[in-house]
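File shown here: structure_27.cif, holding mmCIF, C-alpha atoms.
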data_my_file
#
loop_
_atom_site.label_atom_id
_atom_site.label_comp_id
_atom_site.auth_asym_id
_atom_site.auth_seq_id
_atom_site.Cartn_x
_atom_site.Cartn_y
_atom_site.Cartn_z
CA VAL W 1 295.06 38.23 207.19
CA ILE W 2 295.76 34.54 206.74
CA VAL W 3 292.54 32.65 206.29
CA VAL W 4 292.63 29.56 208.45
CA ALA W 5 290.39 26.55 207.91
CA THR W 6 288.70 24.73 210.79
CA HIS W 7 291.63 22.32 211.23
CA GLY W 8 293.87 25.31 212.01
CA ARG W 9 296.25 25.16 209.04
CA PRO W 10 296.32 27.87 206.35
CA MET W 11 294.10 27.00 203.38
CA ARG W 12 295.48 26.04 200.00
CA ALA W 13 295.21 28.78 197.37
CA ASP W 14 292.19 27.20 195.61
CA ALA W 15 290.38 26.61 198.91
CA ARG W 16 291.04 30.21 199.93
CA ARG W 17 289.72 31.45 196.60
CA ASN W 18 286.51 29.44 197.09
CA TYR W 19 286.19 30.74 200.65
CA GLU W 20 286.52 34.34 199.54
CA GLN W 21 284.10 33.92 196.63
CA LEU W 22 281.59 32.30 198.98
CA LEU W 23 281.94 35.15 201.46
CA ALA W 24 281.44 37.79 198.76
CA ALA W 25 278.41 35.95 197.35
CA ALA W 26 276.95 35.50 200.85
CA ASP W 27 277.46 39.16 201.61
CA ALA W 28 275.55 40.19 198.47
CA GLU W 29 272.73 37.64 198.90
CA ILE W 30 272.21 38.47 202.58
CA ALA W 31 272.11 42.20 201.75
CA ARG W 32 269.42 41.35 199.18
CA CYS W 33 267.35 38.73 201.01
CA GLY W 34 268.28 38.92 204.71
CA ALA W 35 269.57 36.26 207.08
CA ASP W 36 267.34 33.59 205.46
CA ALA W 37 269.05 33.97 202.06
CA SER W 38 269.22 30.74 200.04
CA LEU W 39 272.45 28.79 200.63
CA GLU W 40 272.03 27.12 197.23
CA GLU W 41 271.88 30.53 195.56
CA ILE W 42 275.00 31.66 197.44
CA ALA W 43 276.94 28.57 196.30
CA ARG W 44 275.69 29.08 192.73
CA LYS W 45 276.76 32.74 192.66
CA ALA W 46 280.17 31.82 194.11
CA GLY W 47 280.56 29.27 191.32
CA VAL W 48 281.00 26.32 193.69
CA GLY W 49 278.88 23.35 194.68
CA SER W 50 276.81 23.06 197.85
CA ALA W 51 279.32 20.53 199.24
CA THR W 52 282.09 23.13 199.03
CA LEU W 53 279.89 25.69 200.78
CA HIS W 54 279.15 23.22 203.59
CA ARG W 55 282.83 22.27 203.91
CA HIS W 56 283.74 25.94 204.53
CA PHE W 57 280.58 26.84 206.48
CA PRO W 58 279.04 23.81 208.21
CA SER W 59 275.92 25.81 209.18
CA ARG W 60 274.02 28.96 208.25
CA ARG W 61 275.18 30.37 211.60
CA ALA W 62 278.83 29.82 210.69
CA LEU W 63 278.29 31.64 207.39
CA LEU W 64 276.49 34.57 209.02
CA GLU W 65 279.27 34.83 211.61
CA ALA W 66 281.90 35.05 208.87
CA VAL W 67 279.91 37.59 206.84
CA PHE W 68 279.36 39.96 209.76
CA HIS W 69 282.57 39.40 211.76
CA ASP W 70 284.60 42.39 210.54
CA ARG W 71 281.73 44.86 210.77
CA VAL W 72 280.87 43.74 214.30
CA GLU W 73 284.53 44.06 215.23
CA VAL W 74 284.49 47.72 214.11
CA LEU W 75 281.33 48.44 216.14
CA CYS W 76 282.90 46.78 219.17
CA ALA W 77 286.12 48.78 218.83
CA GLN W 78 283.90 51.88 219.06
CA ALA W 79 282.62 50.65 222.44
CA PHE W 80 286.13 50.16 223.81
CA ALA W 81 287.06 53.64 222.54
CA ARG W 82 284.24 55.09 224.68
CA VAL W 83 285.04 53.17 227.84
CA ASP W 84 286.89 56.07 229.53
CA ASP W 85 284.22 58.64 228.71
CA ALA W 86 283.55 60.98 231.65
CA ASP W 87 279.82 60.20 231.42
CA PRO W 88 279.47 56.37 231.35
CA GLY W 89 275.67 56.48 231.00
CA ARG W 90 275.91 58.69 227.93
CA ALA W 91 278.74 56.58 226.48
CA LEU W 92 276.56 53.45 226.72
CA ALA W 93 273.51 55.20 225.26
CA ASP W 94 275.52 56.69 222.37
CA TRP W 95 277.05 53.32 221.52
CA LEU W 96 273.67 51.55 221.59
CA ARG W 97 272.28 54.20 219.24
CA ASP W 98 275.22 53.68 216.88
CA VAL W 99 274.76 49.89 216.98
CA ALA W 100 271.02 50.20 216.27
CA ALA W 101 271.53 52.71 213.44
CA TYR W 102 274.21 50.53 211.80
CA THR W 103 272.24 47.33 212.27
CA ALA W 104 269.04 48.85 210.84
CA THR W 105 270.85 49.45 207.54
CA THR W 106 272.78 46.15 207.44
CA ARG W 107 270.22 43.61 206.28
CA GLY W 108 270.36 40.29 208.11
CA LEU W 109 272.51 41.46 211.03
CA ALA W 110 269.69 42.14 213.52
CA ARG W 111 267.94 38.82 212.82
CA SER W 112 271.27 37.05 212.96
CA MET W 113 272.15 38.53 216.36
CA LEU W 114 268.70 37.84 217.82
CA THR W 115 268.92 34.21 216.71
CA SER W 116 272.40 33.88 218.22
CA VAL W 117 271.19 35.02 221.63
CA LEU W 118 268.50 32.29 221.60
CA ASP W 119 270.89 29.61 220.46
CA PRO W 120 274.53 30.42 221.29
CA MET W 121 277.21 28.49 219.44
CA PRO W 122 279.20 25.90 221.44
CA GLU W 123 282.60 27.57 220.89
CA SER W 124 281.45 31.10 221.40
CA ASP W 125 284.61 33.07 222.00
CA GLY W 126 285.06 34.81 218.68
CA THR W 127 281.39 34.98 217.70
CA CYS W 128 279.67 38.26 216.89
CA GLU W 129 277.46 37.75 219.93
CA ALA W 130 280.44 37.24 222.25
CA MET W 131 282.18 40.31 220.80
CA PHE W 132 279.07 42.48 221.27
CA THR W 133 278.51 41.23 224.81
CA ALA W 134 282.13 41.84 225.81
CA ALA W 135 282.28 45.32 224.26
CA GLY W 136 278.90 46.43 225.57
CA GLY W 137 279.70 44.72 228.88
CA ALA W 138 282.70 47.01 229.36
CA LEU W 139 280.43 50.05 228.90
CA ILE W 140 277.57 48.86 231.10
CA THR W 141 279.94 47.86 233.91
CA ARG W 142 281.14 51.46 234.13
CA ALA W 143 277.57 52.76 233.80
CA HIS W 144 276.44 50.45 236.62
CA GLU W 145 279.34 51.65 238.80
CA ALA W 146 278.41 55.27 238.08
CA GLY W 147 274.79 54.56 239.10
CA ALA W 148 273.59 55.56 235.63
CA VAL W 149 271.86 52.23 234.92
CA ARG W 150 269.70 50.08 237.19
CA PRO W 151 271.60 46.99 238.39
CA GLU W 152 269.03 44.54 236.95
CA VAL W 153 269.37 45.95 233.41
CA SER W 154 271.83 43.75 231.50
CA ILE W 155 273.81 44.38 228.32
CA VAL W 156 272.08 41.39 226.70
CA ASP W 157 268.71 43.07 227.32
CA LEU W 158 269.91 46.36 225.86
CA LEU W 159 271.46 44.71 222.81
CA THR W 160 268.23 42.75 222.31
CA LEU W 161 266.26 46.01 222.41
CA ALA W 162 268.70 47.64 219.97
CA ASN W 163 268.44 44.67 217.59
CA ALA W 164 264.65 44.60 217.98
CA VAL W 165 264.21 48.22 216.95
CA SER W 166 266.69 47.73 214.10
CA LEU W 167 264.66 44.81 212.81
CA ALA W 168 261.49 46.88 213.15
CA ALA W 169 263.03 49.88 211.37
CA GLU W 170 264.45 47.84 208.44
CA GLY W 171 262.71 49.07 205.33
CA SER W 172 261.57 52.41 206.76
CA PRO W 173 262.65 55.42 204.67
CA ASP W 174 265.31 56.56 207.19
CA ALA W 175 265.94 53.30 209.04
CA ALA W 176 269.12 54.41 210.85
CA ALA W 177 267.57 57.56 212.33
CA GLU W 178 264.35 55.74 213.21
CA ALA W 179 266.23 52.94 215.01
CA ALA W 180 268.37 55.45 216.93
CA ARG W 181 265.26 57.41 217.93
CA LEU W 182 263.48 54.29 219.23
CA VAL W 183 266.59 53.18 221.17
CA THR W 184 266.65 56.61 222.80
CA LEU W 185 262.99 56.24 223.76
CA ALA W 186 263.65 52.77 225.24
CA ILE W 187 266.66 54.05 227.19
CA GLU W 188 264.86 57.12 228.51
CA GLY W 189 261.55 55.43 229.25
CA ILE W 190 258.22 57.18 228.81
CA ARG W 191 257.96 59.26 231.99
CA PRO W 192 258.55 63.03 232.17
CA VAL K 1 228.23 37.97 210.93
CA ILE K 2 227.30 38.54 207.31
CA VAL K 3 230.41 38.41 205.17
CA VAL K 4 230.31 41.31 202.75
CA ALA K 5 232.39 41.43 199.58
CA THR K 6 234.14 44.59 198.43
CA HIS K 7 231.14 45.77 196.40
CA GLY K 8 229.14 45.89 199.64
CA ARG K 9 226.55 43.16 198.94
CA PRO K 10 226.44 39.86 200.88
CA MET K 11 228.41 37.11 199.13
CA ARG K 12 226.76 34.19 197.43
CA ALA K 13 227.00 30.93 199.38
CA ASP K 14 229.80 29.50 197.20
CA ALA K 15 231.82 32.73 197.35
CA ARG K 16 231.43 32.83 201.12
CA ARG K 17 232.57 29.22 201.40
CA ASN K 18 235.68 30.05 199.36
CA TYR K 19 236.33 33.13 201.46
CA GLU K 20 236.11 31.16 204.69
CA GLN K 21 238.29 28.35 203.39
CA LEU K 22 240.88 30.89 202.24
CA LEU K 23 240.84 32.60 205.63
CA ALA K 24 241.29 29.28 207.48
CA ALA K 25 244.12 28.23 205.15
CA ALA K 26 245.80 31.63 205.47
CA ASP K 27 245.53 31.48 209.24
CA ALA K 28 247.26 28.09 209.32
CA GLU K 29 249.96 28.98 206.78
CA ILE K 30 250.78 32.32 208.46
CA ALA K 31 251.02 30.56 211.84
CA ARG K 32 253.47 28.14 210.19
CA CYS K 33 255.54 30.47 207.99
CA GLY K 34 254.88 34.03 209.16
CA ALA K 35 253.61 37.08 207.28
CA ASP K 36 255.56 36.08 204.15
CA ALA K 37 253.66 32.78 203.78
CA SER K 38 253.17 31.67 200.17
CA LEU K 39 249.90 32.91 198.65
CA GLU K 40 249.99 30.02 196.15
CA GLU K 41 250.20 27.53 199.03
CA ILE K 42 247.28 29.22 200.79
CA ALA K 43 245.11 29.01 197.65
CA ARG K 44 246.12 25.35 197.17
CA LYS K 45 245.25 24.42 200.78
CA ALA K 46 241.93 26.24 200.48
CA GLY K 47 241.20 24.21 197.34
CA VAL K 48 240.76 27.27 195.12
CA GLY K 49 242.79 28.88 192.34
CA SER K 50 245.04 31.91 192.70
CA ALA K 51 242.51 34.02 190.79
CA THR K 52 239.88 33.30 193.45
CA LEU K 53 242.33 34.24 196.20
CA HIS K 54 243.12 37.54 194.46
CA ARG K 55 239.42 38.27 193.89
CA HIS K 56 238.77 37.98 197.64
CA PHE K 57 242.10 39.48 198.78
CA PRO K 58 243.59 41.83 196.19
CA SER K 59 246.87 42.11 198.16
CA ARG K 60 248.86 40.32 200.85
CA ARG K 61 248.00 43.25 203.11
CA ALA K 62 244.28 42.69 202.60
CA LEU K 63 244.68 39.00 203.49
CA LEU K 64 246.74 39.75 206.62
CA GLU K 65 244.17 42.34 207.70
CA ALA K 66 241.37 39.77 207.39
CA VAL K 67 243.34 37.05 209.21
CA PHE K 68 244.21 39.25 212.19
CA HIS K 69 241.12 41.50 212.36
CA ASP K 70 239.17 39.67 215.07
CA ARG K 71 242.19 39.11 217.34
CA VAL K 72 243.23 42.77 217.07
CA GLU K 73 239.64 43.77 217.85
CA VAL K 74 239.80 41.75 221.09
CA LEU K 75 243.11 43.36 222.11
CA CYS K 76 241.68 46.79 221.35
CA ALA K 77 238.55 46.13 223.43
CA GLN K 78 240.93 45.44 226.34
CA ALA K 79 242.37 48.95 225.90
CA PHE K 80 238.95 50.58 225.99
CA ALA K 81 238.10 48.52 229.10
CA ARG K 82 241.12 50.09 230.85
CA VAL K 83 240.42 53.67 229.85
CA ASP K 84 238.82 54.64 233.18
CA ASP K 85 241.58 53.06 235.29
CA ALA K 86 242.56 55.27 238.24
CA ASP K 87 246.24 55.04 237.18
CA PRO K 88 246.38 55.94 233.45
CA GLY K 89 250.17 55.37 233.23
CA ARG K 90 249.82 51.85 234.59
CA ALA K 91 246.79 51.15 232.37
CA LEU K 92 248.82 52.07 229.28
CA ALA K 93 251.86 50.03 230.38
CA ASP K 94 249.73 46.97 231.22
CA TRP K 95 247.99 47.09 227.88
CA LEU K 96 251.27 47.44 225.95
CA ARG K 97 252.63 44.42 227.84
CA ASP K 98 249.52 42.42 226.93
CA VAL K 99 249.80 43.46 223.28
CA ALA K 100 253.49 42.49 223.14
CA ALA K 101 252.93 39.15 224.89
CA TYR K 102 250.03 38.26 222.57
CA THR K 103 251.86 39.42 219.46
CA ALA K 104 255.03 37.49 220.35
CA THR K 105 253.03 34.24 220.23
CA THR K 106 250.95 35.09 217.15
CA ARG K 107 253.27 34.50 214.25
CA GLY K 108 253.08 37.10 211.50
CA LEU K 109 251.19 39.73 213.51
CA ALA K 110 254.20 41.83 214.60
CA ARG K 111 255.72 41.91 211.08
CA SER K 112 252.33 42.65 209.64
CA MET K 113 251.76 45.61 211.98
CA LEU K 114 255.26 47.03 211.45
CA THR K 115 254.77 46.88 207.68
CA SER K 116 251.39 48.59 207.97
CA VAL K 117 252.87 51.54 209.84
CA LEU K 118 255.40 52.07 207.02
CA ASP K 119 252.79 51.76 204.32
CA PRO K 120 249.27 52.56 205.56
CA MET K 121 246.37 51.41 203.41
CA PRO K 122 244.42 54.10 201.55
CA GLU K 123 241.06 53.34 203.23
CA SER K 124 242.42 52.86 206.70
CA ASP K 125 239.38 53.10 208.96
CA GLY K 126 238.84 49.45 209.85
CA THR K 127 242.46 48.29 209.51
CA CYS K 128 244.30 46.60 212.36
CA GLU K 129 246.70 49.55 212.48
CA ALA K 130 243.83 52.07 212.75
CA MET K 131 242.16 49.96 215.47
CA PHE K 132 245.42 49.72 217.48
CA THR K 133 246.14 53.43 217.12
CA ALA K 134 242.63 54.42 218.19
CA ALA K 135 242.55 52.05 221.18
CA GLY K 136 246.08 52.86 222.36
CA GLY K 137 245.41 56.52 221.59
CA ALA K 138 242.57 56.56 224.12
CA LEU K 139 244.95 55.22 226.80
CA ILE K 140 247.89 57.51 226.00
CA THR K 141 245.66 60.60 225.89
CA ARG K 142 244.66 59.95 229.51
CA ALA K 143 248.27 59.12 230.46
CA HIS K 144 249.45 62.38 228.84
CA GLU K 145 246.78 64.32 230.74
CA ALA K 146 247.84 62.65 234.01
CA GLY K 147 251.47 63.64 233.33
CA ALA K 148 252.51 59.98 233.34
CA VAL K 149 253.99 60.05 229.83
CA ARG K 150 256.20 62.68 228.17
CA PRO K 151 254.20 64.72 225.62
CA GLU K 152 256.54 63.83 222.73
CA VAL K 153 256.05 60.06 223.21
CA SER K 154 253.35 58.90 220.78
CA ILE K 155 251.22 55.77 220.72
CA VAL K 156 252.67 54.87 217.32
CA ASP K 157 256.18 54.87 218.88
CA LEU K 158 255.04 52.68 221.77
CA LEU K 159 253.21 50.23 219.52
CA THR K 160 256.30 50.08 217.28
CA LEU K 161 258.44 49.24 220.32
CA ALA K 162 255.92 46.60 221.44
CA ASN K 163 255.88 45.04 217.97
CA ALA K 164 259.68 45.23 217.73
CA VAL K 165 260.24 43.29 220.95
CA SER K 166 257.55 40.80 219.93
CA LEU K 167 259.33 40.20 216.65
CA ALA K 168 262.62 39.82 218.53
CA ALA K 169 261.11 37.43 221.09
CA GLU K 170 259.40 35.19 218.46
CA GLY K 171 260.96 31.78 218.79
CA SER K 172 262.37 32.26 222.29
CA PRO K 173 261.31 29.54 224.76
CA ASP K 174 258.88 31.81 226.65
CA ALA K 175 258.23 34.45 224.01
CA ALA K 176 255.24 36.09 225.73
CA ALA K 177 257.04 36.65 229.05
CA GLU K 178 260.22 37.79 227.30
CA ALA K 179 258.31 40.33 225.17
CA ALA K 180 256.44 41.66 228.22
CA ARG K 181 259.71 41.97 230.14
CA LEU K 182 261.41 43.94 227.35
CA VAL K 183 258.40 46.24 226.96
CA THR K 184 258.61 46.96 230.69
CA LEU K 185 262.30 47.80 230.32
CA ALA K 186 261.57 50.13 227.39
CA ILE K 187 258.77 51.84 229.30
CA GLU K 188 260.79 52.26 232.49
CA GLY K 189 264.06 53.24 230.82
CA ILE K 190 267.45 52.22 232.17
CA ARG K 191 268.02 54.75 234.97
CA PRO K 192 267.62 53.98 238.68
#
Rendering of file as structure tokens:
Amino acid sequence: VIVVATHGRPMRADARRNYEQLLAAADAEIARCGADASLEEIARKAGVGSATLHRHFPSRRALLEAVFHDRVEVLCAQAFARVDDADPGRALADWLRDVAAYTATTRGLARSMLTSVLDPMPESDGTCEAMFTAAGGALITRAHEAGAVRPEVSIVDLLTLANAVSLAAEGSPDAAAEAARLVTLAIEGIRP
Amino acid sequence: VIVVATHGRPMRADARRNYEQLLAAADAEIARCGADASLEEIARKAGVGSATLHRHFPSRRALLEAVFHDRVEVLCAQAFARVDDADPGRALADWLRDVAAYTATTRGLARSMLTSVLDPMPESDGTCEAMFTAAGGALITRAHEAGAVRPEVSIVDLLTLANAVSLAAEGSPDAAAEAARLVTLAIEGIRP
């Protein structure tokens, strides 16, 4: 992977080292304190100044995107791997459970995704939100076609529910299982 | 209302004044910063020292309970008012929607309730969580009896879902409507 700065050219070695140290520090601080982790503390732990942090990541959103990008990409690949499943309704439900379980144990990710939905970034193509919507969109399209999901239920709604239960389950003794259980309840509804 | 301190006797006038100033300051700070609002800031705004705050409210939980008690009591009265509804399934769903809509616009309440479920207080009779569980419990018991809700779906699960979507909707332009909409989706499930 060649790390590319915003102007599109590969970074110089020292800039790349700063970028990678910032990303590692952000990863650790967000795991400890959530999506609201202190940017000053992240810069301090990376051994750079705040100006350097802001040069690499002009906003908290940009930093959160970079921290979560690879993990979201893996979750999204799992959606595309399920897209030819013989039971599209089950494929969608299984993926949403996996997303919720993963998100419930990845501090900061649920809050980060919920904030992104409220306030999408201008260039949104490679964002975590765009990746999730595209991957889940492929599954719900097939589930809609198969008549397994009501037409008015959107993938954004279902991802919001998954992120909501993940946020709620954060901190519970078995957060992944609890989030998956609540997603199942929300998918099934309450009726017999 | 006679304000009673933990030892069970009415407070002296100066203690009661401190208590009420602390409660007003806590209410404002929690509305501004959420359930994690600074206790030091609350004491400062109430014009008392931290020791006085801790004498009245030995824990953050105790303070949150006091701040939200009356509002939760009103929501719970609305549940009991619906308990003789001819359609127990609808009564439960309507109440959950009202709870989610109210909670989505009352900063700190959703987080406070979700934390309480994970870590119930030792003397839990008058807590917000106990009030919610009792009030919702009356509605779900009738809905279970009417066959409107699957037996394995509990009121704690449904209140957790309601609080989860409220937490997720906090900050969205029409948080109350968004929370109510997502609760409806979770209650109905995704199938046609």
### Task
Give as a PyMOL selection string every residue of chain W that touches chain K within 9 Å, counting only C-alpha atoms.
chain W and resi 89+110-111+114-115+118+147-151+153+157-158+160-161+163-169+171-173+182-183+185-192
Please give chain W as a short mmCIF file (atom, residue, chain, number, x, y, z; two decimals) with C-alpha atoms, in the frame of the given file, after it has been superposed on chain K by least squares over all Cα atoms paired in order.
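Generated output (part35.cif):
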data_model
loop_
_atom_site.label_atom_id
_atom_site.label_comp_id
_atom_site.auth_asym_id
_atom_site.auth_seq_id
_atom_site.Cartn_x
_atom_site.Cartn_y
_atom_site.Cartn_z
CA VAL W 1 228.30 38.01 210.94
CA ILE W 2 227.38 38.55 207.31
CA VAL W 3 230.46 38.43 205.16
CA VAL W 4 230.35 41.30 202.72
CA ALA W 5 232.39 41.43 199.53
CA THR W 6 234.17 44.59 198.37
CA HIS W 7 231.15 45.77 196.36
CA GLY W 8 229.13 45.88 199.59
CA ARG W 9 226.55 43.18 198.86
CA PRO W 10 226.44 39.89 200.81
CA MET W 11 228.41 37.13 199.08
CA ARG W 12 226.76 34.18 197.40
CA ALA W 13 227.00 30.93 199.37
CA ASP W 14 229.81 29.48 197.20
CA ALA W 15 231.80 32.72 197.33
CA ARG W 16 231.40 32.83 201.11
CA ARG W 17 232.56 29.23 201.38
CA ASN W 18 235.68 30.04 199.35
CA TYR W 19 236.31 33.14 201.47
CA GLU W 20 236.09 31.17 204.69
CA GLN W 21 238.29 28.34 203.40
CA LEU W 22 240.86 30.89 202.25
CA LEU W 23 240.83 32.58 205.65
CA ALA W 24 241.28 29.28 207.49
CA ALA W 25 244.11 28.23 205.15
CA ALA W 26 245.78 31.65 205.50
CA ASP W 27 245.51 31.48 209.26
CA ALA W 28 247.26 28.09 209.34
CA GLU W 29 249.96 29.00 206.79
CA ILE W 30 250.77 32.32 208.48
CA ALA W 31 251.01 30.57 211.87
CA ARG W 32 253.47 28.16 210.22
CA CYS W 33 255.52 30.49 208.01
CA GLY W 34 254.85 34.06 209.18
CA ALA W 35 253.59 37.09 207.29
CA ASP W 36 255.56 36.09 204.15
CA ALA W 37 253.65 32.80 203.79
CA SER W 38 253.17 31.67 200.17
CA LEU W 39 249.89 32.90 198.66
CA GLU W 40 250.00 30.02 196.16
CA GLU W 41 250.21 27.54 199.03
CA ILE W 42 247.29 29.23 200.80
CA ALA W 43 245.12 29.01 197.66
CA ARG W 44 246.15 25.37 197.18
CA LYS W 45 245.27 24.43 200.77
CA ALA W 46 241.92 26.24 200.47
CA GLY W 47 241.22 24.21 197.34
CA VAL W 48 240.78 27.27 195.11
CA GLY W 49 242.80 28.87 192.35
CA SER W 50 245.06 31.90 192.72
CA ALA W 51 242.52 34.01 190.79
CA THR W 52 239.88 33.29 193.44
CA LEU W 53 242.33 34.22 196.20
CA HIS W 54 243.12 37.52 194.47
CA ARG W 55 239.43 38.26 193.88
CA HIS W 56 238.76 37.98 197.64
CA PHE W 57 242.08 39.47 198.79
CA PRO W 58 243.57 41.83 196.19
CA SER W 59 246.85 42.10 198.15
CA ARG W 60 248.85 40.30 200.83
CA ARG W 61 247.99 43.24 203.11
CA ALA W 62 244.26 42.69 202.60
CA LEU W 63 244.68 39.01 203.49
CA LEU W 64 246.73 39.75 206.61
CA GLU W 65 244.15 42.33 207.70
CA ALA W 66 241.36 39.76 207.40
CA VAL W 67 243.34 37.05 209.21
CA PHE W 68 244.20 39.24 212.20
CA HIS W 69 241.11 41.48 212.37
CA ASP W 70 239.16 39.65 215.09
CA ARG W 71 242.17 39.10 217.34
CA VAL W 72 243.20 42.75 217.08
CA GLU W 73 239.63 43.75 217.87
CA VAL W 74 239.79 41.74 221.13
CA LEU W 75 243.11 43.36 222.12
CA CYS W 76 241.66 46.79 221.38
CA ALA W 77 238.54 46.12 223.44
CA GLN W 78 240.93 45.44 226.34
CA ALA W 79 242.36 48.95 225.91
CA PHE W 80 238.93 50.58 226.02
CA ALA W 81 238.10 48.51 229.13
CA ARG W 82 241.13 50.07 230.87
CA VAL W 83 240.45 53.65 229.86
CA ASP W 84 238.87 54.64 233.21
CA ASP W 85 241.61 53.06 235.31
CA ALA W 86 242.60 55.27 238.26
CA ASP W 87 246.26 55.05 237.19
CA PRO W 88 246.40 55.94 233.45
CA GLY W 89 250.17 55.38 233.22
CA ARG W 90 249.84 51.86 234.60
CA ALA W 91 246.81 51.14 232.39
CA LEU W 92 248.84 52.06 229.28
CA ALA W 93 251.87 50.05 230.40
CA ASP W 94 249.75 46.98 231.25
CA TRP W 95 247.99 47.09 227.88
CA LEU W 96 251.27 47.44 225.96
CA ARG W 97 252.64 44.42 227.84
CA ASP W 98 249.52 42.43 226.95
CA VAL W 99 249.79 43.46 223.28
CA ALA W 100 253.49 42.50 223.15
CA ALA W 101 252.92 39.16 224.90
CA TYR W 102 250.03 38.27 222.57
CA THR W 103 251.85 39.43 219.46
CA ALA W 104 255.03 37.50 220.35
CA THR W 105 253.03 34.25 220.23
CA THR W 106 250.93 35.09 217.15
CA ARG W 107 253.27 34.49 214.23
CA GLY W 108 253.08 37.10 211.49
CA LEU W 109 251.19 39.74 213.50
CA ALA W 110 254.21 41.83 214.59
CA ARG W 111 255.73 41.90 211.09
CA SER W 112 252.33 42.66 209.64
CA MET W 113 251.76 45.61 211.98
CA LEU W 114 255.25 47.02 211.44
CA THR W 115 254.77 46.88 207.67
CA SER W 116 251.39 48.60 207.97
CA VAL W 117 252.88 51.54 209.84
CA LEU W 118 255.42 52.07 207.02
CA ASP W 119 252.82 51.77 204.30
CA PRO W 120 249.29 52.55 205.54
CA MET W 121 246.39 51.39 203.39
CA PRO W 122 244.41 54.09 201.53
CA GLU W 123 241.07 53.31 203.23
CA SER W 124 242.44 52.84 206.69
CA ASP W 125 239.43 53.09 208.96
CA GLY W 126 238.85 49.46 209.84
CA THR W 127 242.45 48.28 209.51
CA CYS W 128 244.28 46.58 212.36
CA GLU W 129 246.66 49.53 212.48
CA ALA W 130 243.82 52.05 212.77
CA MET W 131 242.15 49.96 215.49
CA PHE W 132 245.40 49.71 217.49
CA THR W 133 246.12 53.42 217.13
CA ALA W 134 242.62 54.41 218.21
CA ALA W 135 242.55 52.04 221.20
CA GLY W 136 246.06 52.85 222.37
CA GLY W 137 245.39 56.52 221.60
CA ALA W 138 242.56 56.56 224.13
CA LEU W 139 244.95 55.23 226.80
CA ILE W 140 247.88 57.51 226.01
CA THR W 141 245.66 60.60 225.91
CA ARG W 142 244.66 59.96 229.52
CA ALA W 143 248.27 59.12 230.45
CA HIS W 144 249.46 62.38 228.85
CA GLU W 145 246.78 64.33 230.75
CA ALA W 146 247.85 62.66 234.00
CA GLY W 147 251.49 63.64 233.33
CA ALA W 148 252.50 59.98 233.34
CA VAL W 149 254.00 60.05 229.83
CA ARG W 150 256.19 62.67 228.18
CA PRO W 151 254.22 64.71 225.62
CA GLU W 152 256.56 63.81 222.72
CA VAL W 153 256.05 60.05 223.22
CA SER W 154 253.36 58.89 220.79
CA ILE W 155 251.21 55.76 220.73
CA VAL W 156 252.67 54.87 217.32
CA ASP W 157 256.15 54.87 218.87
CA LEU W 158 255.03 52.68 221.77
CA LEU W 159 253.20 50.24 219.51
CA THR W 160 256.28 50.09 217.28
CA LEU W 161 258.42 49.25 220.32
CA ALA W 162 255.91 46.61 221.45
CA ASN W 163 255.86 45.05 217.97
CA ALA W 164 259.65 45.25 217.74
CA VAL W 165 260.21 43.31 220.95
CA SER W 166 257.53 40.81 219.93
CA LEU W 167 259.31 40.20 216.65
CA ALA W 168 262.60 39.84 218.52
CA ALA W 169 261.10 37.44 221.08
CA GLU W 170 259.39 35.20 218.47
CA GLY W 171 260.98 31.80 218.76
CA SER W 172 262.38 32.27 222.27
CA PRO W 173 261.32 29.54 224.72
CA ASP W 174 258.90 31.83 226.64
CA ALA W 175 258.23 34.47 223.99
CA ALA W 176 255.24 36.10 225.73
CA ALA W 177 257.05 36.65 229.04
CA GLU W 178 260.22 37.80 227.29
CA ALA W 179 258.32 40.35 225.16
CA ALA W 180 256.45 41.67 228.21
CA ARG W 181 259.71 41.98 230.14
CA LEU W 182 261.41 43.94 227.33
CA VAL W 183 258.38 46.25 226.96
CA THR W 184 258.61 46.96 230.68
CA LEU W 185 262.31 47.79 230.32
CA ALA W 186 261.56 50.14 227.38
CA ILE W 187 258.76 51.85 229.31
CA GLU W 188 260.81 52.25 232.48
CA GLY W 189 264.06 53.23 230.81
CA ILE W 190 267.44 52.19 232.16
CA ARG W 191 268.03 54.72 234.95
CA PRO W 192 267.65 53.96 238.68
#
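Selection check: the PyMOL selection byres ((chain K and resi 98-107) around 6) on the shown file gives K:Ala31, K:Gly34, K:Trp95, K:Leu96, K:Arg97, K:Gly108, K:Leu109, K:Ala110, K:Ala162, K:Ser166, K:Glu170, K:Ala175, K:Ala176, K:Ala179, K:Ala180.
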Atoms kept (C-alpha atoms) for selection, written as a compact mmCIF listing (two decimals), keeping the file's coordinate frame:
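Saved as selection30.txt:
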# COMPACT_ATOMS: atom_id res chain seq x y z
CA ALA K 31 251.02 30.56 211.84
CA GLY K 34 254.88 34.03 209.16
CA TRP K 95 247.99 47.09 227.88
CA LEU K 96 251.27 47.44 225.95
CA ARG K 97 252.63 44.42 227.84
CA GLY K 108 253.08 37.10 211.50
CA LEU K 109 251.19 39.73 213.51
CA ALA K 110 254.20 41.83 214.60
CA ALA K 162 255.92 46.60 221.44
CA SER K 166 257.55 40.80 219.93
CA GLU K 170 259.40 35.19 218.46
CA ALA K 175 258.23 34.45 224.01
CA ALA K 176 255.24 36.09 225.73
CA ALA K 179 258.31 40.33 225.17
CA ALA K 180 256.44 41.66 228.22
### Message
Show me, as a PyMOL selection string, the residues that have an atom within 12 Å of Ala66 (chain W) when counting all atoms listed in the file, minus same-chain residues fewer than 6 positions from it.
### Response
chain W and resi 3+19-20+22-24+26-27+56-60+72-73+109+112+126-128
